[in-house]
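One file, target.cif, carrying mmCIF, N, CA and C atoms:
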data_structure
#
loop_
_atom_site.label_atom_id
_atom_site.label_comp_id
_atom_site.auth_asym_id
_atom_site.auth_seq_id
_atom_site.Cartn_x
_atom_site.Cartn_y
_atom_site.Cartn_z
N MET H 1 67.88 70.96 -46.69
CA MET H 1 67.58 71.58 -45.41
C MET H 1 67.00 72.96 -45.65
N THR H 2 65.89 73.23 -44.99
CA THR H 2 65.21 74.50 -45.13
C THR H 2 65.75 75.48 -44.08
N ARG H 3 66.02 76.69 -44.50
CA ARG H 3 66.53 77.70 -43.58
C ARG H 3 65.60 78.90 -43.47
N GLU H 4 64.32 78.67 -43.67
CA GLU H 4 63.35 79.75 -43.54
C GLU H 4 63.17 80.09 -42.07
N ALA H 5 62.74 81.30 -41.81
CA ALA H 5 62.46 81.71 -40.44
C ALA H 5 61.29 80.90 -39.90
N LYS H 6 61.28 80.72 -38.58
CA LYS H 6 60.21 79.98 -37.92
C LYS H 6 59.55 80.89 -36.88
N ILE H 7 58.39 80.45 -36.40
CA ILE H 7 57.69 81.14 -35.33
C ILE H 7 57.83 80.29 -34.07
N CYS H 8 58.26 80.91 -32.98
CA CYS H 8 58.44 80.21 -31.71
C CYS H 8 57.09 79.71 -31.19
N ALA H 9 57.04 78.46 -30.77
CA ALA H 9 55.81 77.86 -30.27
C ALA H 9 55.38 78.46 -28.94
N SER H 10 56.29 79.08 -28.21
CA SER H 10 55.97 79.64 -26.90
C SER H 10 55.63 81.13 -26.96
N CYS H 11 56.53 81.93 -27.51
CA CYS H 11 56.34 83.39 -27.47
C CYS H 11 55.71 83.96 -28.73
N GLY H 12 55.66 83.19 -29.82
CA GLY H 12 55.04 83.66 -31.04
C GLY H 12 55.89 84.61 -31.87
N ARG H 13 57.16 84.79 -31.50
CA ARG H 13 58.05 85.66 -32.27
C ARG H 13 58.75 84.87 -33.36
N ARG H 14 59.11 85.57 -34.43
CA ARG H 14 59.86 84.96 -35.52
C ARG H 14 61.32 84.84 -35.11
N PHE H 15 61.95 83.71 -35.47
CA PHE H 15 63.38 83.56 -35.22
C PHE H 15 64.03 82.93 -36.43
N GLU H 16 65.31 83.24 -36.61
CA GLU H 16 66.06 82.83 -37.78
C GLU H 16 66.94 81.62 -37.50
N TRP H 17 67.39 80.99 -38.56
CA TRP H 17 68.30 79.87 -38.49
C TRP H 17 69.61 80.30 -37.84
N ARG H 18 70.16 79.43 -37.01
CA ARG H 18 71.45 79.67 -36.38
C ARG H 18 72.37 78.50 -36.68
N ARG H 19 73.60 78.80 -36.79
CA ARG H 19 74.57 77.77 -37.18
C ARG H 19 74.57 76.57 -36.23
N ARG H 20 74.40 76.82 -34.95
CA ARG H 20 74.43 75.70 -33.99
C ARG H 20 73.24 74.76 -34.17
N TRP H 21 72.21 75.20 -34.89
CA TRP H 21 71.05 74.36 -35.15
C TRP H 21 71.13 73.66 -36.49
N ARG H 22 72.25 73.72 -37.17
CA ARG H 22 72.35 73.19 -38.53
C ARG H 22 72.02 71.70 -38.61
N SER H 23 72.30 70.92 -37.56
CA SER H 23 72.05 69.48 -37.63
C SER H 23 70.60 69.11 -37.33
N ASN H 24 69.85 69.99 -36.66
CA ASN H 24 68.47 69.63 -36.31
C ASN H 24 67.47 70.78 -36.49
N TRP H 25 67.69 71.63 -37.46
CA TRP H 25 66.83 72.79 -37.69
C TRP H 25 65.36 72.41 -37.85
N ASP H 26 65.08 71.29 -38.50
CA ASP H 26 63.69 70.90 -38.73
C ASP H 26 62.96 70.57 -37.44
N GLU H 27 63.68 70.24 -36.38
CA GLU H 27 63.07 69.87 -35.11
C GLU H 27 62.97 71.03 -34.12
N ILE H 28 63.61 72.14 -34.40
CA ILE H 28 63.62 73.30 -33.49
C ILE H 28 62.24 73.95 -33.47
N ARG H 29 61.68 74.16 -32.25
CA ARG H 29 60.37 74.78 -32.11
C ARG H 29 60.40 76.07 -31.30
N TYR H 30 61.47 76.27 -30.52
CA TYR H 30 61.54 77.40 -29.61
C TYR H 30 62.73 78.29 -29.95
N CYS H 31 62.57 79.59 -29.73
CA CYS H 31 63.62 80.55 -30.10
C CYS H 31 64.74 80.61 -29.07
N SER H 32 64.49 80.17 -27.84
CA SER H 32 65.49 80.28 -26.79
C SER H 32 65.26 79.21 -25.74
N SER H 33 66.22 79.07 -24.85
CA SER H 33 66.06 78.08 -23.77
C SER H 33 64.94 78.52 -22.82
N GLY H 34 64.78 79.82 -22.62
CA GLY H 34 63.68 80.31 -21.78
C GLY H 34 62.33 79.90 -22.32
N CYS H 35 62.13 80.05 -23.62
CA CYS H 35 60.86 79.64 -24.23
C CYS H 35 60.70 78.13 -24.20
N ARG H 36 61.79 77.41 -24.38
CA ARG H 36 61.74 75.95 -24.34
C ARG H 36 61.30 75.48 -22.95
N HIS H 37 61.80 76.11 -21.89
CA HIS H 37 61.42 75.73 -20.54
C HIS H 37 60.01 76.20 -20.19
N ARG H 38 59.60 77.34 -20.69
CA ARG H 38 58.28 77.90 -20.40
C ARG H 38 57.19 77.12 -21.11
N ARG H 39 57.43 76.77 -22.37
CA ARG H 39 56.46 76.06 -23.22
C ARG H 39 55.12 76.78 -23.24
N VAL H 40 54.05 76.05 -23.55
CA VAL H 40 52.71 76.63 -23.56
C VAL H 40 51.90 75.91 -22.49
N SER H 41 51.47 76.64 -21.48
CA SER H 41 50.76 76.07 -20.33
C SER H 41 49.24 76.15 -20.54
N THR H 42 48.52 75.59 -19.59
CA THR H 42 47.06 75.68 -19.64
C THR H 42 46.62 77.13 -19.46
N LEU H 43 47.37 77.91 -18.67
CA LEU H 43 47.07 79.34 -18.53
C LEU H 43 47.20 80.03 -19.88
N ASP H 44 48.23 79.70 -20.64
CA ASP H 44 48.42 80.29 -21.96
C ASP H 44 47.24 79.97 -22.87
N ARG H 45 46.75 78.74 -22.82
CA ARG H 45 45.59 78.35 -23.63
C ARG H 45 44.34 79.08 -23.16
N ARG H 46 44.19 79.30 -21.84
CA ARG H 46 43.06 80.06 -21.33
C ARG H 46 43.11 81.51 -21.82
N LEU H 47 44.30 82.09 -21.86
CA LEU H 47 44.44 83.46 -22.35
C LEU H 47 44.08 83.55 -23.84
N GLU H 48 44.51 82.56 -24.61
CA GLU H 48 44.16 82.54 -26.04
C GLU H 48 42.64 82.46 -26.21
N ALA H 49 42.00 81.57 -25.45
CA ALA H 49 40.55 81.43 -25.52
C ALA H 49 39.85 82.72 -25.08
N ALA H 50 40.39 83.38 -24.05
CA ALA H 50 39.80 84.64 -23.58
C ALA H 50 39.91 85.73 -24.65
N ILE H 51 41.03 85.78 -25.35
CA ILE H 51 41.18 86.75 -26.44
C ILE H 51 40.11 86.53 -27.50
N LEU H 52 39.95 85.28 -27.92
CA LEU H 52 38.97 84.98 -28.97
C LEU H 52 37.55 85.23 -28.47
N ASP H 53 37.26 84.89 -27.21
CA ASP H 53 35.92 85.14 -26.66
C ASP H 53 35.61 86.63 -26.60
N LEU H 54 36.56 87.43 -26.12
CA LEU H 54 36.34 88.88 -26.07
C LEU H 54 36.11 89.46 -27.46
N LEU H 55 36.88 89.00 -28.43
CA LEU H 55 36.72 89.50 -29.79
C LEU H 55 35.38 89.08 -30.38
N ASP H 56 34.89 87.88 -30.01
CA ASP H 56 33.58 87.44 -30.49
C ASP H 56 32.45 88.29 -29.92
N GLN H 57 32.65 88.83 -28.71
CA GLN H 57 31.64 89.66 -28.07
C GLN H 57 31.59 91.07 -28.63
N ARG H 58 32.63 91.48 -29.31
CA ARG H 58 32.71 92.84 -29.85
C ARG H 58 32.18 92.87 -31.27
N ALA H 59 31.92 94.07 -31.74
CA ALA H 59 31.48 94.27 -33.12
C ALA H 59 32.59 93.87 -34.08
N GLU H 60 32.21 93.57 -35.28
CA GLU H 60 33.20 93.19 -36.30
C GLU H 60 34.18 94.35 -36.52
N GLY H 61 35.46 94.05 -36.51
CA GLY H 61 36.49 95.06 -36.70
C GLY H 61 36.92 95.76 -35.43
N ALA H 62 36.27 95.45 -34.30
CA ALA H 62 36.64 96.06 -33.02
C ALA H 62 37.94 95.43 -32.51
N THR H 63 38.61 96.16 -31.64
CA THR H 63 39.88 95.68 -31.10
C THR H 63 39.79 95.55 -29.58
N ILE H 64 40.74 94.80 -29.04
CA ILE H 64 40.87 94.69 -27.59
C ILE H 64 42.32 94.92 -27.22
N CYS H 65 42.53 95.23 -25.96
CA CYS H 65 43.87 95.40 -25.41
C CYS H 65 44.22 94.14 -24.62
N PRO H 66 45.47 93.68 -24.66
CA PRO H 66 45.85 92.52 -23.85
C PRO H 66 45.55 92.71 -22.36
N SER H 67 45.53 93.95 -21.88
CA SER H 67 45.23 94.17 -20.46
C SER H 67 43.79 93.77 -20.13
N GLU H 68 42.87 93.89 -21.09
CA GLU H 68 41.50 93.46 -20.85
C GLU H 68 41.44 91.95 -20.61
N VAL H 69 42.22 91.22 -21.37
CA VAL H 69 42.28 89.76 -21.23
C VAL H 69 42.90 89.40 -19.89
N ALA H 70 43.97 90.08 -19.52
CA ALA H 70 44.64 89.81 -18.24
C ALA H 70 43.70 90.10 -17.08
N ARG H 71 42.96 91.21 -17.16
CA ARG H 71 42.02 91.57 -16.09
C ARG H 71 40.86 90.58 -16.00
N LEU H 72 40.42 90.09 -17.14
CA LEU H 72 39.33 89.12 -17.17
C LEU H 72 39.78 87.79 -16.56
N THR H 73 41.01 87.40 -16.83
CA THR H 73 41.53 86.13 -16.35
C THR H 73 41.87 86.16 -14.86
N SER H 74 42.45 87.26 -14.40
CA SER H 74 42.83 87.38 -12.99
C SER H 74 42.65 88.84 -12.55
N PRO H 75 41.47 89.20 -12.06
CA PRO H 75 41.20 90.59 -11.71
C PRO H 75 42.16 91.21 -10.69
N ASP H 76 42.65 90.41 -9.74
CA ASP H 76 43.53 90.96 -8.72
C ASP H 76 45.00 90.95 -9.12
N GLY H 77 45.43 89.93 -9.86
CA GLY H 77 46.84 89.82 -10.22
C GLY H 77 47.06 89.94 -11.72
N TRP H 78 46.36 90.86 -12.34
CA TRP H 78 46.39 90.95 -13.80
C TRP H 78 47.71 91.45 -14.36
N ARG H 79 48.45 92.22 -13.61
CA ARG H 79 49.69 92.80 -14.14
C ARG H 79 50.72 91.74 -14.52
N VAL H 80 50.79 90.66 -13.74
CA VAL H 80 51.75 89.60 -14.06
C VAL H 80 51.34 88.82 -15.31
N LEU H 81 50.09 88.98 -15.73
CA LEU H 81 49.61 88.28 -16.92
C LEU H 81 49.73 89.11 -18.20
N MET H 82 50.27 90.31 -18.09
CA MET H 82 50.37 91.16 -19.28
C MET H 82 51.26 90.53 -20.36
N GLU H 83 52.46 90.11 -20.01
CA GLU H 83 53.33 89.50 -21.02
C GLU H 83 52.78 88.16 -21.52
N PRO H 84 52.25 87.29 -20.63
CA PRO H 84 51.62 86.08 -21.16
C PRO H 84 50.45 86.39 -22.10
N ALA H 85 49.68 87.45 -21.85
CA ALA H 85 48.58 87.81 -22.74
C ALA H 85 49.12 88.29 -24.09
N ARG H 86 50.22 89.04 -24.08
CA ARG H 86 50.83 89.48 -25.34
C ARG H 86 51.39 88.28 -26.11
N ARG H 87 51.99 87.31 -25.39
CA ARG H 87 52.48 86.10 -26.05
C ARG H 87 51.33 85.32 -26.68
N ALA H 88 50.20 85.23 -25.96
CA ALA H 88 49.02 84.55 -26.49
C ALA H 88 48.54 85.24 -27.77
N ALA H 89 48.52 86.56 -27.77
CA ALA H 89 48.10 87.31 -28.96
C ALA H 89 49.06 87.05 -30.12
N ARG H 90 50.37 86.99 -29.83
CA ARG H 90 51.34 86.71 -30.91
C ARG H 90 51.15 85.31 -31.48
N ARG H 91 50.87 84.33 -30.61
CA ARG H 91 50.63 82.96 -31.10
C ARG H 91 49.39 82.92 -31.98
N LEU H 92 48.33 83.62 -31.57
CA LEU H 92 47.11 83.66 -32.38
C LEU H 92 47.35 84.37 -33.71
N ALA H 93 48.19 85.40 -33.69
CA ALA H 93 48.52 86.10 -34.94
C ALA H 93 49.30 85.18 -35.86
N ALA H 94 50.22 84.39 -35.30
CA ALA H 94 50.99 83.44 -36.10
C ALA H 94 50.09 82.36 -36.71
N ALA H 95 49.01 82.02 -35.99
CA ALA H 95 48.06 81.03 -36.48
C ALA H 95 47.09 81.62 -37.51
N GLY H 96 47.13 82.94 -37.68
CA GLY H 96 46.27 83.59 -38.67
C GLY H 96 44.86 83.89 -38.17
N LEU H 97 44.66 83.90 -36.85
CA LEU H 97 43.33 84.16 -36.30
C LEU H 97 43.11 85.62 -35.95
N VAL H 98 44.17 86.32 -35.58
CA VAL H 98 44.06 87.73 -35.20
C VAL H 98 45.20 88.51 -35.85
N GLU H 99 45.10 89.82 -35.75
CA GLU H 99 46.21 90.67 -36.18
C GLU H 99 46.54 91.63 -35.05
N ILE H 100 47.81 92.02 -35.00
CA ILE H 100 48.30 92.92 -33.98
C ILE H 100 48.39 94.32 -34.60
N LEU H 101 47.83 95.29 -33.90
CA LEU H 101 47.82 96.67 -34.39
C LEU H 101 48.54 97.58 -33.42
N GLN H 102 49.16 98.60 -33.97
CA GLN H 102 49.75 99.66 -33.17
C GLN H 102 49.50 100.97 -33.90
N ARG H 103 48.96 101.92 -33.19
CA ARG H 103 48.58 103.22 -33.78
C ARG H 103 47.66 103.04 -34.99
N GLY H 104 46.79 102.04 -34.92
CA GLY H 104 45.81 101.82 -35.97
C GLY H 104 46.30 101.04 -37.17
N GLY H 105 47.58 100.75 -37.25
CA GLY H 105 48.13 100.01 -38.39
C GLY H 105 48.64 98.65 -37.99
N ARG H 106 48.58 97.74 -38.93
CA ARG H 106 49.06 96.39 -38.69
C ARG H 106 50.58 96.40 -38.52
N ILE H 107 51.08 95.60 -37.58
CA ILE H 107 52.51 95.58 -37.30
C ILE H 107 52.96 94.14 -37.10
N ASP H 108 54.24 93.88 -37.40
CA ASP H 108 54.82 92.56 -37.22
C ASP H 108 54.88 92.25 -35.73
N PRO H 109 54.21 91.20 -35.26
CA PRO H 109 54.19 90.88 -33.83
C PRO H 109 55.57 90.54 -33.26
N SER H 110 56.50 90.17 -34.09
CA SER H 110 57.82 89.78 -33.61
C SER H 110 58.66 90.97 -33.16
N VAL H 111 58.35 92.15 -33.65
CA VAL H 111 59.20 93.31 -33.37
C VAL H 111 58.48 94.43 -32.63
N VAL H 112 57.22 94.25 -32.34
CA VAL H 112 56.43 95.33 -31.73
C VAL H 112 56.90 95.61 -30.31
N ARG H 113 56.93 96.88 -29.96
CA ARG H 113 57.24 97.35 -28.62
C ARG H 113 56.16 98.36 -28.25
N GLY H 114 55.79 98.39 -27.00
CA GLY H 114 54.80 99.36 -26.56
C GLY H 114 53.38 98.84 -26.64
N PRO H 115 52.41 99.74 -26.49
CA PRO H 115 51.00 99.33 -26.46
C PRO H 115 50.54 98.76 -27.79
N ILE H 116 49.73 97.71 -27.69
CA ILE H 116 49.19 97.08 -28.90
C ILE H 116 47.69 96.89 -28.74
N ARG H 117 47.02 96.65 -29.84
CA ARG H 117 45.62 96.26 -29.87
C ARG H 117 45.54 94.97 -30.69
N VAL H 118 44.51 94.19 -30.45
CA VAL H 118 44.32 92.91 -31.14
C VAL H 118 42.96 92.94 -31.83
N ARG H 119 42.94 92.53 -33.09
CA ARG H 119 41.70 92.49 -33.86
C ARG H 119 41.58 91.13 -34.55
N ARG H 120 40.38 90.58 -34.57
CA ARG H 120 40.17 89.31 -35.25
C ARG H 120 40.23 89.54 -36.76
N LEU H 121 40.85 88.60 -37.45
CA LEU H 121 40.90 88.67 -38.90
C LEU H 121 39.56 88.24 -39.45
N ASP H 122 39.25 88.64 -40.68
CA ASP H 122 37.99 88.25 -41.31
C ASP H 122 37.90 86.74 -41.35
N ARG H 123 36.73 86.28 -41.03
CA ARG H 123 36.53 84.81 -40.97
C ARG H 123 36.19 84.26 -42.31
#
Encoded form (structure tokens):
Amino acid sequence: MTREAKICASCGRRFEWRRRWRSNWDEIRYCSSGCRHRRVSTLDRRLEAAILDLLDQRAEGATICPSEVARLTSPDGWRVLMEPARRAARRLAAAGLVEILQRGGRIDPSVVRGPIRVRRLDR
């Protein structure tokens, strides 16, 4: 049985093995019941695509803010999309497509708090 940390399929954060999961650790995909119920929706996939599209439109090495993605997706109700946009960025970082930056330096997406920037990794 492998007890390595996993990345949540919904929020993109790293989570550790827990004793209550000892019988089915290999099947666990979500870090919490909230993430399990939320899953990944079509809106989440649209946010991921919007992140990648915005980064493709920018110069190489340029960054974007999750608020730009939220505003692009829903100009009037963008504030409610801020956390879903951050989750989308974390999932893309876990997939190795982007990196999360804070104060110009790369940071672990699982523990970041506060404002972030997103940059595409070298292709």
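The residues returned by the PyMOL selection byres ((chain H and resi 11) around 6.5) on the shown structure are Cys8, Ala9, Ser10, Gly12, Arg13, Cys35, Arg87, Ala88, Arg90 and Arg91 of chain H.
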Name the residues of chain H that fall into helix (DSSP H, G or I) according to DSSP on the backbone, using the chain letters and numbers of this document, as an MDAnalysis selection string.
-> chainID H and resid 19:21 25:27 33:38 42:57 66:73 78:94
Once you have the residues from the selection above, write them out as a compact mmCIF listing (two decimals), keeping the file's coordinate frame, restricted to N, CA and C atoms.
# COMPACT_ATOMS: atom_id res chain seq x y z
N ARG H 19 73.60 78.80 -36.79
CA ARG H 19 74.57 77.77 -37.18
C ARG H 19 74.57 76.57 -36.23
N ARG H 20 74.40 76.82 -34.95
CA ARG H 20 74.43 75.70 -33.99
C ARG H 20 73.24 74.76 -34.17
N TRP H 21 72.21 75.20 -34.89
CA TRP H 21 71.05 74.36 -35.15
C TRP H 21 71.13 73.66 -36.49
N TRP H 25 67.69 71.63 -37.46
CA TRP H 25 66.83 72.79 -37.69
C TRP H 25 65.36 72.41 -37.85
N ASP H 26 65.08 71.29 -38.50
CA ASP H 26 63.69 70.90 -38.73
C ASP H 26 62.96 70.57 -37.44
N GLU H 27 63.68 70.24 -36.38
CA GLU H 27 63.07 69.87 -35.11
C GLU H 27 62.97 71.03 -34.12
N SER H 33 66.22 79.07 -24.85
CA SER H 33 66.06 78.08 -23.77
C SER H 33 64.94 78.52 -22.82
N GLY H 34 64.78 79.82 -22.62
CA GLY H 34 63.68 80.31 -21.78
C GLY H 34 62.33 79.90 -22.32
N CYS H 35 62.13 80.05 -23.62
CA CYS H 35 60.86 79.64 -24.23
C CYS H 35 60.70 78.13 -24.20
N ARG H 36 61.79 77.41 -24.38
CA ARG H 36 61.74 75.95 -24.34
C ARG H 36 61.30 75.48 -22.95
N HIS H 37 61.80 76.11 -21.89
CA HIS H 37 61.42 75.73 -20.54
C HIS H 37 60.01 76.20 -20.19
N ARG H 38 59.60 77.34 -20.69
CA ARG H 38 58.28 77.90 -20.40
C ARG H 38 57.19 77.12 -21.11
N THR H 42 48.52 75.59 -19.59
CA THR H 42 47.06 75.68 -19.64
C THR H 42 46.62 77.13 -19.46
N LEU H 43 47.37 77.91 -18.67
CA LEU H 43 47.07 79.34 -18.53
C LEU H 43 47.20 80.03 -19.88
N ASP H 44 48.23 79.70 -20.64
CA ASP H 44 48.42 80.29 -21.96
C ASP H 44 47.24 79.97 -22.87
N ARG H 45 46.75 78.74 -22.82
CA ARG H 45 45.59 78.35 -23.63
C ARG H 45 44.34 79.08 -23.16
N ARG H 46 44.19 79.30 -21.84
CA ARG H 46 43.06 80.06 -21.33
C ARG H 46 43.11 81.51 -21.82
N LEU H 47 44.30 82.09 -21.86
CA LEU H 47 44.44 83.46 -22.35
C LEU H 47 44.08 83.55 -23.84
N GLU H 48 44.51 82.56 -24.61
CA GLU H 48 44.16 82.54 -26.04
C GLU H 48 42.64 82.46 -26.21
N ALA H 49 42.00 81.57 -25.45
CA ALA H 49 40.55 81.43 -25.52
C ALA H 49 39.85 82.72 -25.08
N ALA H 50 40.39 83.38 -24.05
CA ALA H 50 39.80 84.64 -23.58
C ALA H 50 39.91 85.73 -24.65
N ILE H 51 41.03 85.78 -25.35
CA ILE H 51 41.18 86.75 -26.44
C ILE H 51 40.11 86.53 -27.50
N LEU H 52 39.95 85.28 -27.92
CA LEU H 52 38.97 84.98 -28.97
C LEU H 52 37.55 85.23 -28.47
N ASP H 53 37.26 84.89 -27.21
CA ASP H 53 35.92 85.14 -26.66
C ASP H 53 35.61 86.63 -26.60
N LEU H 54 36.56 87.43 -26.12
CA LEU H 54 36.34 88.88 -26.07
C LEU H 54 36.11 89.46 -27.46
N LEU H 55 36.88 89.00 -28.43
CA LEU H 55 36.72 89.50 -29.79
C LEU H 55 35.38 89.08 -30.38
N ASP H 56 34.89 87.88 -30.01
CA ASP H 56 33.58 87.44 -30.49
C ASP H 56 32.45 88.29 -29.92
N GLN H 57 32.65 88.83 -28.71
CA GLN H 57 31.64 89.66 -28.07
C GLN H 57 31.59 91.07 -28.63
N PRO H 66 45.47 93.68 -24.66
CA PRO H 66 45.85 92.52 -23.85
C PRO H 66 45.55 92.71 -22.36
N SER H 67 45.53 93.95 -21.88
CA SER H 67 45.23 94.17 -20.46
C SER H 67 43.79 93.77 -20.13
N GLU H 68 42.87 93.89 -21.09
CA GLU H 68 41.50 93.46 -20.85
C GLU H 68 41.44 91.95 -20.61
N VAL H 69 42.22 91.22 -21.37
CA VAL H 69 42.28 89.76 -21.23
C VAL H 69 42.90 89.40 -19.89
N ALA H 70 43.97 90.08 -19.52
CA ALA H 70 44.64 89.81 -18.24
C ALA H 70 43.70 90.10 -17.08
N ARG H 71 42.96 91.21 -17.16
CA ARG H 71 42.02 91.57 -16.09
C ARG H 71 40.86 90.58 -16.00
N LEU H 72 40.42 90.09 -17.14
CA LEU H 72 39.33 89.12 -17.17
C LEU H 72 39.78 87.79 -16.56
N THR H 73 41.01 87.40 -16.83
CA THR H 73 41.53 86.13 -16.35
C THR H 73 41.87 86.16 -14.86
N TRP H 78 46.36 90.86 -12.34
CA TRP H 78 46.39 90.95 -13.80
C TRP H 78 47.71 91.45 -14.36
N ARG H 79 48.45 92.22 -13.61
CA ARG H 79 49.69 92.80 -14.14
C ARG H 79 50.72 91.74 -14.52
N VAL H 80 50.79 90.66 -13.74
CA VAL H 80 51.75 89.60 -14.06
C VAL H 80 51.34 88.82 -15.31
N LEU H 81 50.09 88.98 -15.73
CA LEU H 81 49.61 88.28 -16.92
C LEU H 81 49.73 89.11 -18.20
N MET H 82 50.27 90.31 -18.09
CA MET H 82 50.37 91.16 -19.28
C MET H 82 51.26 90.53 -20.36
N GLU H 83 52.46 90.11 -20.01
CA GLU H 83 53.33 89.50 -21.02
C GLU H 83 52.78 88.16 -21.52
N PRO H 84 52.25 87.29 -20.63
CA PRO H 84 51.62 86.08 -21.16
C PRO H 84 50.45 86.39 -22.10
N ALA H 85 49.68 87.45 -21.85
CA ALA H 85 48.58 87.81 -22.74
C ALA H 85 49.12 88.29 -24.09
N ARG H 86 50.22 89.04 -24.08
CA ARG H 86 50.83 89.48 -25.34
C ARG H 86 51.39 88.28 -26.11
N ARG H 87 51.99 87.31 -25.39
CA ARG H 87 52.48 86.10 -26.05
C ARG H 87 51.33 85.32 -26.68
N ALA H 88 50.20 85.23 -25.96
CA ALA H 88 49.02 84.55 -26.49
C ALA H 88 48.54 85.24 -27.77
N ALA H 89 48.52 86.56 -27.77
CA ALA H 89 48.10 87.31 -28.96
C ALA H 89 49.06 87.05 -30.12
N ARG H 90 50.37 86.99 -29.83
CA ARG H 90 51.34 86.71 -30.91
C ARG H 90 51.15 85.31 -31.48
N ARG H 91 50.87 84.33 -30.61
CA ARG H 91 50.63 82.96 -31.10
C ARG H 91 49.39 82.92 -31.98
N LEU H 92 48.33 83.62 -31.57
CA LEU H 92 47.11 83.66 -32.38
C LEU H 92 47.35 84.37 -33.71
N ALA H 93 48.19 85.40 -33.69
CA ALA H 93 48.52 86.10 -34.94
C ALA H 93 49.30 85.18 -35.86
N ALA H 94 50.22 84.39 -35.30
CA ALA H 94 50.99 83.44 -36.10
C ALA H 94 50.09 82.36 -36.71
Picked residues, the PyMOL selection byres (((chain H and resi 61 and name CA) around 8) and name CA), expected as a ChimeraX atom specification = /H:59-60,62-63,119-120
Among chain H, which residues carry a DSSP assignment of strand (DSSP E), reported as a list in words?
-> Lys6, Ile7, Arg14, Phe15, Thr63, Ile64, Val98, Glu99, Ile100, Leu101, Gln102, Gly105, Arg106, Arg117, Val118, Arg119 and Arg120 of chain H
Would you mind listing what lies within 10 Å of Leu121 in chain H as number ranges by chain, with only C-alpha atoms counted and same-chain residues fewer than 4 positions away left out?
-> H: 60-61, 93, 96-100
Selection: 7 Å around range 71-85 of chain H, only N, CA and C atoms, excl. self and same-chain fewer than 6 positions, as a ChimeraX atom specification = /H:44,47-48
Can you tell me how far atom C of Arg39 in chain H sits from CA of Gly104 in chain H, in Å to one decimal?
->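 Spanning atom C of Arg39 in chain H to CA of Gly104 in chain H is a straight-line distance of 29.6 Å.
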What separates atom N of Ser23 in chain H and atom N of Ile7 in chain H is a distance of 16.9 Å
Can you work out the spacing between CA of Ser41 in chain H and CA of Ala95 in chain H in Å, to one decimal?
-> 17.1 Å
Report as lines of an AutoDock Vina configuration file the centre and the edge lengths, in Å to one decimal, of the axis-aligned box holding every listed atom of range 73-79 of chain H, padded by 3 Å on each side.
center_x = 45.9
center_y = 89.5
center_z = -12.8
size_x = 15.7
size_y = 12.7
size_z = 14.1
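Among the candidate residues H:Ala89, H:Ala94, H:Leu101, H:Ile51, the one lying nearest to Arg117 in chain H is H:Leu101, with distances computed using only N, CA and C atoms.
Distances from H:Asn24, H:Gly105, H:Gly34, H:Leu52 to Ile64 in chain H were compared using only C-alpha atoms, and the smallest one belongs to H:Leu52.
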Taking the file as shown, what set of residues would the PyMOL selection byres ((chain H and resi 15-18) around 6.5) give back, as a PDB file with N, CA and C atoms, in the frame of the given file?
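What landed in expr_5.pdb:
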ATOM      1  N   ARG H   3      66.020  76.690 -44.500  1.00  0.00           N
ATOM      2  CA  ARG H   3      66.530  77.700 -43.580  1.00  0.00           C
ATOM      3  C   ARG H   3      65.600  78.900 -43.470  1.00  0.00           C
ATOM      4  N   GLU H   4      64.320  78.670 -43.670  1.00  0.00           N
ATOM      5  CA  GLU H   4      63.350  79.750 -43.540  1.00  0.00           C
ATOM      6  C   GLU H   4      63.170  80.090 -42.070  1.00  0.00           C
ATOM      7  N   ALA H   5      62.740  81.300 -41.810  1.00  0.00           N
ATOM      8  CA  ALA H   5      62.460  81.710 -40.440  1.00  0.00           C
ATOM      9  C   ALA H   5      61.290  80.900 -39.900  1.00  0.00           C
ATOM     10  N   LYS H   6      61.280  80.720 -38.580  1.00  0.00           N
ATOM     11  CA  LYS H   6      60.210  79.980 -37.920  1.00  0.00           C
ATOM     12  C   LYS H   6      59.550  80.890 -36.880  1.00  0.00           C
ATOM     13  N   ILE H   7      58.390  80.450 -36.400  1.00  0.00           N
ATOM     14  CA  ILE H   7      57.690  81.140 -35.330  1.00  0.00           C
ATOM     15  C   ILE H   7      57.830  80.290 -34.070  1.00  0.00           C
ATOM     16  N   CYS H   8      58.260  80.910 -32.980  1.00  0.00           N
ATOM     17  CA  CYS H   8      58.440  80.210 -31.710  1.00  0.00           C
ATOM     18  C   CYS H   8      57.090  79.710 -31.190  1.00  0.00           C
ATOM     19  N   ARG H  13      57.160  84.790 -31.500  1.00  0.00           N
ATOM     20  CA  ARG H  13      58.050  85.660 -32.270  1.00  0.00           C
ATOM     21  C   ARG H  13      58.750  84.870 -33.360  1.00  0.00           C
ATOM     22  N   ARG H  14      59.110  85.570 -34.430  1.00  0.00           N
ATOM     23  CA  ARG H  14      59.860  84.960 -35.520  1.00  0.00           C
ATOM     24  C   ARG H  14      61.320  84.840 -35.110  1.00  0.00           C
ATOM     25  N   ARG H  19      73.600  78.800 -36.790  1.00  0.00           N
ATOM     26  CA  ARG H  19      74.570  77.770 -37.180  1.00  0.00           C
ATOM     27  C   ARG H  19      74.570  76.570 -36.230  1.00  0.00           C
ATOM     28  N   ARG H  20      74.400  76.820 -34.950  1.00  0.00           N
ATOM     29  CA  ARG H  20      74.430  75.700 -33.990  1.00  0.00           C
ATOM     30  C   ARG H  20      73.240  74.760 -34.170  1.00  0.00           C
ATOM     31  N   TRP H  21      72.210  75.200 -34.890  1.00  0.00           N
ATOM     32  CA  TRP H  21      71.050  74.360 -35.150  1.00  0.00           C
ATOM     33  C   TRP H  21      71.130  73.660 -36.490  1.00  0.00           C
ATOM     34  N   ARG H  22      72.250  73.720 -37.170  1.00  0.00           N
ATOM     35  CA  ARG H  22      72.350  73.190 -38.530  1.00  0.00           C
ATOM     36  C   ARG H  22      72.020  71.700 -38.610  1.00  0.00           C
ATOM     37  N   CYS H  31      62.570  79.590 -29.730  1.00  0.00           N
ATOM     38  CA  CYS H  31      63.620  80.550 -30.100  1.00  0.00           C
ATOM     39  C   CYS H  31      64.740  80.610 -29.070  1.00  0.00           C
TER      40      CYS H  31
END
